[in-house]
Amino acid sequence: MKNSNLQISRHDISPLAKAGIIVQNMKDGRDKNEHEVFVPHRDFHYMLVVLINGYIKFKVDFEDITLAHGAILLIQPGQVHHILDFNEPNGWVIEFDPALVDKELQYALIQVFNRLQPVPNDDVLFGKVQSIVNLMEAVQIQPHPKKTLFHLLMACLSIIINSNPAVSDLRNSNSRPYAIQQSFSELLSLHYKQWKQPSQYALSLSISMAHLNDTVKALTGLSVSDHIQEFSVLNAKRLLFLTDLSIKEIGYEMGYSEPVYFGKLFKKVAGTSPLQFRRKYRDEDY
């Protein structure tokens with residue numbers, strides 16, 4: 001098997017970042033000391049891609065994503081990604097430290113960029129974002145830019161979030177359903193390996209299982225069980241790609257004691273078996 005000893009690097013934000021934020025203009029090219037972007041890797045920070053024109057094709061968590069003019073994409077900490085192709089891209093990459101983003105804002109960003117989709121093309125929205133990022137680029141070379149950079153970043157993220165009425169309305173209303181969904185997402189990221197039943201999350205949130213499921217499905221279109229299975233399979237994909245653990249070991253790591261059940265679940269969610277997935281992605285040349 002090719003790349004059987006593939007090592008996926010994880011990278012910190014650029015040392016040139018000011019207070020955990022850096023704006024990099026695509027026209028300037030890449031610093032020779034920066035990490036390789038054409039091989040799979042993960043970052044410890046967020047990466048907001050704002051593309052004015054040209055195109056870039058990414059692979060993010062094993063999904064192909066093509067950005068064309070006027071596109072905005074957020075790659076989140078821990079996502080396996082790399083560039084597949086590009087043609088005369090013009091725009092910016094804004095890297096920022098997760099410590100700058102509170103839990104509520106993190107959750108809103110997850111909702112806006114749900115299922116790895118870029119923000120839908122909107123000339124008015126893109127014009128506002130472009131104006132703010134232009135300011136950020138100018139400010140970062142000025143003396144003492146830290147507070148201004150932070151406030152401009154928050155304004156930029158807020159404009160993007162507010163472009164999605166469903167997310168914006170819930171966030172601004174401090175609604176109970178929004179709070180339930182946010183708490184469920186936090187619990188899922190912490191306990192998905194051990195908690196496979198919706199009732200376990202409902203119990204922790206002190207609500208009925210039916211209420212939890214209805215709330216989550218109304219906001220996301222997916223049931224609680226769907227979220228548990230999809231999150232487990234996504235992390236299994238990462239282990240299949242990143243490690244040489246056997247499929248049985250990965251199933252155990254994800255909390256599934258029966259290898260046959262794990263294999264069936266993986267195929268149901270991913271559309272392919274764990275072995276086929278590993279062969280496909282580990283045998284690619286990078």
# chains A, B, ... in the order shown; residues from 1 in each chain; ligands from 1
>>> select_by_dssp(residues="region 52-137 of chain A", states="strand (DSSP E or B)", output="mmCIF file with all heavy atoms, in the first residue's frame")
data_model
loop_
_atom_site.group_PDB
_atom_site.id
_atom_site.type_symbol
_atom_site.label_atom_id
_atom_site.label_comp_id
_atom_site.auth_asym_id
_atom_site.auth_seq_id
_atom_site.Cartn_x
_atom_site.Cartn_y
_atom_site.Cartn_z
ATOM 1 N N ILE A 52 -11.318 36.564 -4.337
ATOM 2 C CA ILE A 52 -11.900 37.608 -5.194
ATOM 3 C C ILE A 52 -12.140 37.058 -6.597
ATOM 4 O O ILE A 52 -13.231 37.188 -7.159
ATOM 5 C CB ILE A 52 -10.977 38.834 -5.256
ATOM 6 C CG1 ILE A 52 -10.779 39.424 -3.860
ATOM 7 C CG2 ILE A 52 -11.536 39.888 -6.215
ATOM 8 C CD1 ILE A 52 -9.745 40.536 -3.806
ATOM 9 N N ASN A 53 -11.107 36.470 -7.179
ATOM 10 C CA ASN A 53 -11.269 35.838 -8.489
ATOM 11 C C ASN A 53 -10.224 34.739 -8.651
ATOM 12 O O ASN A 53 -9.412 34.494 -7.771
ATOM 13 C CB ASN A 53 -11.210 36.862 -9.635
ATOM 14 C CG ASN A 53 -10.018 37.786 -9.515
ATOM 15 O OD1 ASN A 53 -8.886 37.351 -9.315
ATOM 16 N ND2 ASN A 53 -10.265 39.088 -9.614
ATOM 17 N N GLY A 54 -10.255 34.058 -9.808
ATOM 18 C CA GLY A 54 -9.476 32.843 -9.989
ATOM 19 C C GLY A 54 -10.222 31.675 -9.378
ATOM 20 O O GLY A 54 -11.424 31.762 -9.110
ATOM 21 N N TYR A 55 -9.522 30.574 -9.180
ATOM 22 C CA TYR A 55 -10.175 29.449 -8.508
ATOM 23 C C TYR A 55 -9.153 28.621 -7.739
ATOM 24 O O TYR A 55 -7.960 28.592 -8.040
ATOM 25 C CB TYR A 55 -10.963 28.606 -9.519
ATOM 26 C CG TYR A 55 -10.302 27.325 -9.961
ATOM 27 C CD1 TYR A 55 -10.665 26.108 -9.383
ATOM 28 C CD2 TYR A 55 -9.323 27.310 -10.956
ATOM 29 C CE1 TYR A 55 -10.074 24.918 -9.796
ATOM 30 C CE2 TYR A 55 -8.735 26.136 -11.374
ATOM 31 C CZ TYR A 55 -9.109 24.942 -10.785
ATOM 32 O OH TYR A 55 -8.520 23.775 -11.180
ATOM 33 N N ILE A 56 -9.655 27.985 -6.674
ATOM 34 C CA ILE A 56 -8.853 27.063 -5.864
ATOM 35 C C ILE A 56 -9.701 25.835 -5.592
ATOM 36 O O ILE A 56 -10.883 25.951 -5.228
ATOM 37 C CB ILE A 56 -8.428 27.674 -4.511
ATOM 38 C CG1 ILE A 56 -7.767 29.032 -4.681
ATOM 39 C CG2 ILE A 56 -7.483 26.724 -3.774
ATOM 40 C CD1 ILE A 56 -7.430 29.727 -3.368
ATOM 41 N N LYS A 57 -9.107 24.672 -5.732
ATOM 42 C CA LYS A 57 -9.793 23.422 -5.404
ATOM 43 C C LYS A 57 -9.098 22.799 -4.200
ATOM 44 O O LYS A 57 -7.903 22.517 -4.231
ATOM 45 C CB LYS A 57 -9.769 22.451 -6.583
ATOM 46 C CG LYS A 57 -10.583 21.181 -6.346
ATOM 47 C CD LYS A 57 -10.609 20.303 -7.599
ATOM 48 C CE LYS A 57 -11.472 19.056 -7.385
ATOM 49 N NZ LYS A 57 -11.491 18.200 -8.591
ATOM 50 N N PHE A 58 -9.872 22.620 -3.122
ATOM 51 C CA PHE A 58 -9.378 22.011 -1.898
ATOM 52 C C PHE A 58 -9.941 20.602 -1.752
ATOM 53 O O PHE A 58 -10.994 20.275 -2.306
ATOM 54 C CB PHE A 58 -9.860 22.799 -0.660
ATOM 55 C CG PHE A 58 -9.215 24.130 -0.453
ATOM 56 C CD1 PHE A 58 -9.802 25.286 -0.941
ATOM 57 C CD2 PHE A 58 -8.031 24.243 0.264
ATOM 58 C CE1 PHE A 58 -9.225 26.523 -0.720
ATOM 59 C CE2 PHE A 58 -7.445 25.476 0.491
ATOM 60 C CZ PHE A 58 -8.050 26.625 -0.013
ATOM 61 N N LYS A 59 -9.238 19.808 -0.944
ATOM 62 C CA LYS A 59 -9.838 18.614 -0.368
ATOM 63 C C LYS A 59 -9.840 18.838 1.140
ATOM 64 O O LYS A 59 -8.793 19.045 1.744
ATOM 65 C CB LYS A 59 -9.085 17.336 -0.722
ATOM 66 C CG LYS A 59 -9.845 16.068 -0.302
ATOM 67 C CD LYS A 59 -9.088 14.799 -0.654
ATOM 68 C CE LYS A 59 -9.113 14.486 -2.127
ATOM 69 N NZ LYS A 59 -10.458 14.084 -2.608
ATOM 70 N N VAL A 60 -11.043 18.826 1.731
ATOM 71 C CA VAL A 60 -11.198 19.072 3.162
ATOM 72 C C VAL A 60 -11.972 17.910 3.764
ATOM 73 O O VAL A 60 -13.116 17.647 3.363
ATOM 74 C CB VAL A 60 -11.942 20.395 3.446
ATOM 75 C CG1 VAL A 60 -12.015 20.647 4.948
ATOM 76 C CG2 VAL A 60 -11.273 21.561 2.738
ATOM 77 N N GLU A 63 -13.490 15.575 1.201
ATOM 78 C CA GLU A 63 -14.478 16.095 0.258
ATOM 79 C C GLU A 63 -13.816 17.153 -0.619
ATOM 80 O O GLU A 63 -13.062 17.997 -0.130
ATOM 81 C CB GLU A 63 -15.666 16.726 0.997
ATOM 82 C CG GLU A 63 -16.419 15.782 1.915
ATOM 83 C CD GLU A 63 -17.226 14.742 1.156
ATOM 84 O OE1 GLU A 63 -17.543 14.995 -0.040
ATOM 85 O OE2 GLU A 63 -17.527 13.690 1.745
ATOM 86 N N ASP A 64 -14.090 17.111 -1.941
ATOM 87 C CA ASP A 64 -13.564 18.117 -2.853
ATOM 88 C C ASP A 64 -14.428 19.376 -2.792
ATOM 89 O O ASP A 64 -15.660 19.296 -2.868
ATOM 90 C CB ASP A 64 -13.549 17.588 -4.291
ATOM 91 C CG ASP A 64 -12.526 16.481 -4.497
ATOM 92 O OD1 ASP A 64 -11.734 16.224 -3.564
ATOM 93 O OD2 ASP A 64 -12.517 15.878 -5.584
ATOM 94 N N ILE A 65 -13.772 20.535 -2.662
ATOM 95 C CA ILE A 65 -14.473 21.809 -2.592
ATOM 96 C C ILE A 65 -13.787 22.779 -3.548
ATOM 97 O O ILE A 65 -12.590 23.032 -3.438
ATOM 98 C CB ILE A 65 -14.436 22.395 -1.168
ATOM 99 C CG1 ILE A 65 -15.073 21.430 -0.171
ATOM 100 C CG2 ILE A 65 -15.150 23.747 -1.127
ATOM 101 C CD1 ILE A 65 -14.914 21.846 1.268
ATOM 102 N N THR A 66 -14.554 23.307 -4.503
ATOM 103 C CA THR A 66 -14.009 24.245 -5.471
ATOM 104 C C THR A 66 -14.521 25.644 -5.178
ATOM 105 O O THR A 66 -15.726 25.873 -5.073
ATOM 106 C CB THR A 66 -14.398 23.841 -6.901
ATOM 107 O OG1 THR A 66 -13.864 22.536 -7.180
ATOM 108 C CG2 THR A 66 -13.824 24.822 -7.914
ATOM 109 N N LEU A 67 -13.598 26.584 -5.034
ATOM 110 C CA LEU A 67 -13.942 27.983 -4.813
ATOM 111 C C LEU A 67 -13.689 28.764 -6.091
ATOM 112 O O LEU A 67 -12.630 28.630 -6.710
ATOM 113 C CB LEU A 67 -13.088 28.587 -3.703
ATOM 114 C CG LEU A 67 -13.102 27.904 -2.329
ATOM 115 C CD1 LEU A 67 -12.278 28.724 -1.347
ATOM 116 C CD2 LEU A 67 -14.507 27.714 -1.817
ATOM 117 N N ALA A 71 -16.006 33.805 -3.432
ATOM 118 C CA ALA A 71 -16.301 32.693 -2.517
ATOM 119 C C ALA A 71 -15.612 32.902 -1.169
ATOM 120 O O ALA A 71 -14.533 33.496 -1.083
ATOM 121 C CB ALA A 71 -15.858 31.370 -3.125
ATOM 122 N N ILE A 72 -16.265 32.393 -0.126
ATOM 123 C CA ILE A 72 -15.724 32.454 1.231
ATOM 124 C C ILE A 72 -15.831 31.071 1.849
ATOM 125 O O ILE A 72 -16.907 30.474 1.855
ATOM 126 C CB ILE A 72 -16.501 33.461 2.102
ATOM 127 C CG1 ILE A 72 -16.487 34.860 1.473
ATOM 128 C CG2 ILE A 72 -15.919 33.511 3.514
ATOM 129 C CD1 ILE A 72 -17.425 35.838 2.150
ATOM 130 N N LEU A 73 -14.723 30.560 2.365
ATOM 131 C CA LEU A 73 -14.702 29.234 2.973
ATOM 132 C C LEU A 73 -13.944 29.300 4.292
ATOM 133 O O LEU A 73 -12.905 29.962 4.384
ATOM 134 C CB LEU A 73 -14.029 28.223 2.044
ATOM 135 C CG LEU A 73 -13.850 26.798 2.601
ATOM 136 C CD1 LEU A 73 -15.202 26.101 2.731
ATOM 137 C CD2 LEU A 73 -12.907 25.978 1.739
ATOM 138 N N LEU A 74 -14.444 28.597 5.288
ATOM 139 C CA LEU A 74 -13.745 28.487 6.572
ATOM 140 C C LEU A 74 -13.283 27.052 6.773
ATOM 141 O O LEU A 74 -14.095 26.122 6.750
ATOM 142 C CB LEU A 74 -14.674 28.893 7.722
ATOM 143 C CG LEU A 74 -14.020 28.877 9.112
ATOM 144 C CD1 LEU A 74 -13.018 30.026 9.243
ATOM 145 C CD2 LEU A 74 -15.077 28.974 10.205
ATOM 146 N N ILE A 75 -11.980 26.872 6.967
ATOM 147 C CA ILE A 75 -11.421 25.576 7.329
ATOM 148 C C ILE A 75 -11.150 25.626 8.822
ATOM 149 O O ILE A 75 -10.474 26.534 9.317
ATOM 150 C CB ILE A 75 -10.148 25.273 6.528
ATOM 151 C CG1 ILE A 75 -10.498 25.172 5.035
ATOM 152 C CG2 ILE A 75 -9.503 23.978 7.017
ATOM 153 C CD1 ILE A 75 -9.302 24.960 4.134
ATOM 154 N N HIS A 81 -6.761 18.777 5.364
ATOM 155 C CA HIS A 81 -7.009 19.509 4.122
ATOM 156 C C HIS A 81 -5.720 19.734 3.345
ATOM 157 O O HIS A 81 -4.616 19.677 3.892
ATOM 158 C CB HIS A 81 -7.681 20.863 4.419
ATOM 159 C CG HIS A 81 -6.820 21.795 5.216
ATOM 160 N ND1 HIS A 81 -6.666 21.693 6.584
ATOM 161 C CD2 HIS A 81 -6.046 22.867 4.842
ATOM 162 C CE1 HIS A 81 -5.856 22.648 7.010
ATOM 163 N NE2 HIS A 81 -5.457 23.358 5.984
ATOM 164 N N HIS A 82 -5.880 19.999 2.061
ATOM 165 C CA HIS A 82 -4.773 20.433 1.218
ATOM 166 C C HIS A 82 -5.346 20.988 -0.084
ATOM 167 O O HIS A 82 -6.524 20.816 -0.384
ATOM 168 C CB HIS A 82 -3.782 19.301 0.938
ATOM 169 C CG HIS A 82 -4.312 18.159 0.122
ATOM 170 N ND1 HIS A 82 -5.247 17.270 0.600
ATOM 171 C CD2 HIS A 82 -4.031 17.749 -1.148
ATOM 172 C CE1 HIS A 82 -5.507 16.351 -0.321
ATOM 173 N NE2 HIS A 82 -4.791 16.636 -1.395
ATOM 174 N N ILE A 83 -4.500 21.683 -0.834
ATOM 175 C CA ILE A 83 -4.908 22.246 -2.118
ATOM 176 C C ILE A 83 -4.672 21.217 -3.211
ATOM 177 O O ILE A 83 -3.591 20.631 -3.318
ATOM 178 C CB ILE A 83 -4.128 23.533 -2.422
ATOM 179 C CG1 ILE A 83 -4.511 24.626 -1.414
ATOM 180 C CG2 ILE A 83 -4.408 24.011 -3.847
ATOM 181 C CD1 ILE A 83 -3.701 25.906 -1.562
ATOM 182 N N LEU A 84 -5.705 20.983 -4.032
ATOM 183 C CA LEU A 84 -5.586 20.063 -5.156
ATOM 184 C C LEU A 84 -5.158 20.786 -6.435
ATOM 185 O O LEU A 84 -4.393 20.242 -7.237
ATOM 186 C CB LEU A 84 -6.933 19.374 -5.405
ATOM 187 C CG LEU A 84 -7.436 18.418 -4.323
ATOM 188 C CD1 LEU A 84 -8.882 18.017 -4.607
ATOM 189 C CD2 LEU A 84 -6.557 17.176 -4.247
ATOM 190 N N ASP A 85 -5.689 21.984 -6.626
ATOM 191 C CA ASP A 85 -5.427 22.700 -7.875
ATOM 192 C C ASP A 85 -5.774 24.178 -7.675
ATOM 193 O O ASP A 85 -6.534 24.524 -6.759
ATOM 194 C CB ASP A 85 -6.280 22.109 -9.002
ATOM 195 C CG ASP A 85 -5.846 22.595 -10.378
ATOM 196 O OD1 ASP A 85 -4.714 23.098 -10.508
ATOM 197 O OD2 ASP A 85 -6.648 22.482 -11.328
ATOM 198 N N PHE A 86 -5.230 25.031 -8.515
ATOM 199 C CA PHE A 86 -5.584 26.446 -8.451
ATOM 200 C C PHE A 86 -5.236 27.106 -9.775
ATOM 201 O O PHE A 86 -4.454 26.584 -10.569
ATOM 202 C CB PHE A 86 -4.859 27.156 -7.300
ATOM 203 C CG PHE A 86 -3.361 27.259 -7.488
ATOM 204 C CD1 PHE A 86 -2.788 28.387 -8.049
ATOM 205 C CD2 PHE A 86 -2.535 26.214 -7.097
ATOM 206 C CE1 PHE A 86 -1.414 28.480 -8.224
ATOM 207 C CE2 PHE A 86 -1.165 26.298 -7.263
ATOM 208 C CZ PHE A 86 -0.602 27.438 -7.832
ATOM 209 N N ASN A 87 -5.850 28.253 -10.012
ATOM 210 C CA ASN A 87 -5.557 29.018 -11.219
ATOM 211 C C ASN A 87 -5.706 30.506 -10.912
ATOM 212 O O ASN A 87 -6.805 30.991 -10.660
ATOM 213 C CB ASN A 87 -6.503 28.632 -12.360
ATOM 214 C CG ASN A 87 -6.171 29.372 -13.644
ATOM 215 O OD1 ASN A 87 -5.007 29.553 -13.995
ATOM 216 N ND2 ASN A 87 -7.204 29.824 -14.350
ATOM 217 N N GLU A 88 -4.568 31.195 -10.871
ATOM 218 C CA GLU A 88 -4.510 32.633 -10.676
ATOM 219 C C GLU A 88 -5.433 33.127 -9.562
ATOM 220 O O GLU A 88 -6.262 34.026 -9.781
ATOM 221 C CB GLU A 88 -4.828 33.361 -11.988
ATOM 222 C CG GLU A 88 -3.845 33.040 -13.098
ATOM 223 C CD GLU A 88 -4.133 33.815 -14.376
ATOM 224 O OE1 GLU A 88 -5.209 34.462 -14.454
ATOM 225 O OE2 GLU A 88 -3.295 33.782 -15.286
ATOM 226 N N PRO A 89 -5.321 32.563 -8.371
ATOM 227 C CA PRO A 89 -6.185 33.029 -7.277
ATOM 228 C C PRO A 89 -5.798 34.423 -6.804
ATOM 229 O O PRO A 89 -4.617 34.762 -6.721
ATOM 230 C CB PRO A 89 -5.948 31.986 -6.183
ATOM 231 C CG PRO A 89 -4.557 31.490 -6.436
ATOM 232 C CD PRO A 89 -4.380 31.517 -7.928
ATOM 233 N N ASN A 90 -6.806 35.216 -6.506
ATOM 234 C CA ASN A 90 -6.603 36.563 -5.990
ATOM 235 C C ASN A 90 -7.536 36.744 -4.803
ATOM 236 O O ASN A 90 -8.746 36.556 -4.922
ATOM 237 C CB ASN A 90 -6.918 37.590 -7.079
ATOM 238 C CG ASN A 90 -6.786 39.021 -6.582
ATOM 239 O OD1 ASN A 90 -6.090 39.291 -5.601
ATOM 240 N ND2 ASN A 90 -7.473 39.937 -7.248
ATOM 241 N N GLY A 91 -6.970 37.063 -3.658
ATOM 242 C CA GLY A 91 -7.773 37.209 -2.453
ATOM 243 C C GLY A 91 -6.887 37.113 -1.231
ATOM 244 O O GLY A 91 -5.701 37.468 -1.279
ATOM 245 N N TRP A 92 -7.451 36.615 -0.138
ATOM 246 C CA TRP A 92 -6.705 36.541 1.116
ATOM 247 C C TRP A 92 -6.971 35.229 1.837
ATOM 248 O O TRP A 92 -8.011 34.586 1.655
ATOM 249 C CB TRP A 92 -7.137 37.658 2.075
ATOM 250 C CG TRP A 92 -6.959 39.038 1.573
ATOM 251 C CD1 TRP A 92 -5.856 39.843 1.680
ATOM 252 C CD2 TRP A 92 -7.939 39.833 0.894
ATOM 253 N NE1 TRP A 92 -6.093 41.067 1.118
ATOM 254 C CE2 TRP A 92 -7.366 41.088 0.636
ATOM 255 C CE3 TRP A 92 -9.259 39.588 0.484
ATOM 256 C CZ2 TRP A 92 -8.062 42.102 -0.026
ATOM 257 C CZ3 TRP A 92 -9.952 40.596 -0.173
ATOM 258 C CH2 TRP A 92 -9.347 41.843 -0.418
ATOM 259 N N VAL A 93 -6.017 34.885 2.683
ATOM 260 C CA VAL A 93 -6.204 33.834 3.685
ATOM 261 C C VAL A 93 -6.001 34.495 5.041
ATOM 262 O O VAL A 93 -4.956 35.107 5.283
ATOM 263 C CB VAL A 93 -5.199 32.678 3.497
ATOM 264 C CG1 VAL A 93 -5.328 31.676 4.647
ATOM 265 C CG2 VAL A 93 -5.428 31.985 2.158
ATOM 266 N N ILE A 94 -7.013 34.404 5.889
ATOM 267 C CA ILE A 94 -6.922 34.977 7.234
ATOM 268 C C ILE A 94 -6.832 33.820 8.226
ATOM 269 O O ILE A 94 -7.760 33.010 8.319
ATOM 270 C CB ILE A 94 -8.140 35.864 7.570
ATOM 271 C CG1 ILE A 94 -8.279 36.994 6.558
ATOM 272 C CG2 ILE A 94 -8.006 36.434 8.975
ATOM 273 C CD1 ILE A 94 -9.260 36.698 5.455
ATOM 274 N N GLU A 95 -5.726 33.723 8.919
ATOM 275 C CA GLU A 95 -5.563 32.717 9.963
ATOM 276 C C GLU A 95 -5.833 33.371 11.312
ATOM 277 O O GLU A 95 -5.385 34.499 11.555
ATOM 278 C CB GLU A 95 -4.143 32.139 9.947
ATOM 279 C CG GLU A 95 -3.782 31.421 8.659
ATOM 280 C CD GLU A 95 -2.350 30.908 8.661
ATOM 281 O OE1 GLU A 95 -1.651 31.074 9.693
ATOM 282 O OE2 GLU A 95 -1.922 30.350 7.641
ATOM 283 N N PHE A 96 -6.574 32.667 12.176
ATOM 284 C CA PHE A 96 -6.798 33.227 13.512
ATOM 285 C C PHE A 96 -6.904 32.122 14.550
ATOM 286 O O PHE A 96 -7.357 31.008 14.277
ATOM 287 C CB PHE A 96 -8.016 34.152 13.552
ATOM 288 C CG PHE A 96 -9.319 33.564 13.093
ATOM 289 C CD1 PHE A 96 -10.253 33.086 14.005
ATOM 290 C CD2 PHE A 96 -9.636 33.514 11.746
ATOM 291 C CE1 PHE A 96 -11.470 32.563 13.591
ATOM 292 C CE2 PHE A 96 -10.858 32.991 11.313
ATOM 293 C CZ PHE A 96 -11.777 32.522 12.240
ATOM 294 N N VAL A 119 -19.763 29.847 1.826
ATOM 295 C CA VAL A 119 -20.890 30.776 1.906
ATOM 296 C C VAL A 119 -21.420 31.015 0.499
ATOM 297 O O VAL A 119 -20.642 31.244 -0.434
ATOM 298 C CB VAL A 119 -20.437 32.113 2.538
ATOM 299 C CG1 VAL A 119 -21.537 33.164 2.434
ATOM 300 C CG2 VAL A 119 -20.048 31.901 3.986
#
>>> residues_around(residues="region 260-266 of chain A", least_positions_apart="6", cutoff="8 Å", atoms="only C-alpha atoms", output="PyMOL selection string")
chain A and resi 229+233+251+272-274
>>> closest_residue(among="A:Ser9, A:Ala19, A:Leu109, A:Leu48", to="Glu36 (chain A)", atoms="only C-alpha atoms")
A:Ser9
>>> residues_around(residues="region 188-192 of chain A", least_positions_apart="3", cutoff="7 Å", atoms="only C-alpha atoms", output="PyMOL selection string")
chain A and resi 184-185+195-196+228+232
>>> closest_residue(among="A:Met154, A:Leu242, A:Pro118, A:Ile180", to="His41 (chain A)", atoms="only C-alpha atoms")
A:Leu242
>>> select_by_dssp(residues="region 134-277 of chain A", states="alpha helix (DSSP H)", output="PyMOL selection string")
chain A and resi 134-139+146-162+165-173+176-191+198-205+209-220+224-242+247-253+259-270+274-277
>>> residues_around(residues="Ala155 (chain A)", least_positions_apart="5", cutoff="10 Å", atoms="only C-alpha atoms", output="list in words")
Lys128, Val129, Ile132, Leu149, Phe150, Ile160 and Ile161 of chain A
>>> residues_around(residues="Ala218 (chain A)", least_positions_apart="5", cutoff="10 Å", atoms="only C-alpha atoms", output="ChimeraX atom specification")
/A:177,181,212-213,223
>>> atom_distance(atom1="CA of Gln197 (chain A)", atom2="CA of Asp102 (chain A)")
28.1 Å
>>> atom_distance(atom1="CA of His211 (chain A)", atom2="CA of Asn114 (chain A)")
22.3 Å
>>> atom_distance(atom1="CA of Lys103 (chain A)", atom2="CA of Tyr178 (chain A)")
12.8 Å
>>> closest_residue(among="A:Val39, A:Ile13, A:Ile207, A:Ile22", to="Ser183 (chain A)", atoms="only C-alpha atoms")
A:Ile207
>>> decode(residues="region 244-267 of chain A", atoms="C-alpha atoms", output="PDB file, in the first residue's frame")
ATOM      1  CA  ASP A 244      -1.866   2.324  10.444  1.00  0.00           C
ATOM      2  CA  LEU A 245      -4.377   1.037  13.000  1.00  0.00           C
ATOM      3  CA  SER A 246      -6.387  -1.920  11.778  1.00  0.00           C
ATOM      4  CA  ILE A 247     -10.045  -1.407  10.915  1.00  0.00           C
ATOM      5  CA  LYS A 248     -10.963  -3.463  13.975  1.00  0.00           C
ATOM      6  CA  GLU A 249      -8.783  -1.237  16.194  1.00  0.00           C
ATOM      7  CA  ILE A 250     -10.322   1.906  14.720  1.00  0.00           C
ATOM      8  CA  GLY A 251     -13.802   0.542  15.368  1.00  0.00           C
ATOM      9  CA  TYR A 252     -12.863  -0.041  19.009  1.00  0.00           C
ATOM     10  CA  GLU A 253     -11.325   3.431  19.216  1.00  0.00           C
ATOM     11  CA  MET A 254     -14.606   4.920  17.970  1.00  0.00           C
ATOM     12  CA  GLY A 255     -16.544   2.981  20.588  1.00  0.00           C
ATOM     13  CA  TYR A 256     -17.844   0.084  18.488  1.00  0.00           C
ATOM     14  CA  SER A 257     -17.026  -3.315  19.981  1.00  0.00           C
ATOM     15  CA  GLU A 258     -18.433  -5.295  17.041  1.00  0.00           C
ATOM     16  CA  PRO A 259     -16.259  -4.967  13.901  1.00  0.00           C
ATOM     17  CA  VAL A 260     -19.071  -6.184  11.630  1.00  0.00           C
ATOM     18  CA  TYR A 261     -21.460  -3.530  12.941  1.00  0.00           C
ATOM     19  CA  PHE A 262     -18.796  -0.840  12.596  1.00  0.00           C
ATOM     20  CA  GLY A 263     -18.159  -1.874   8.982  1.00  0.00           C
ATOM     21  CA  LYS A 264     -21.862  -1.749   8.132  1.00  0.00           C
ATOM     22  CA  LEU A 265     -22.321   1.606   9.830  1.00  0.00           C
ATOM     23  CA  PHE A 266     -19.293   3.075   8.068  1.00  0.00           C
ATOM     24  CA  LYS A 267     -20.585   1.926   4.668  1.00  0.00           C
TER      25      LYS A 267
END
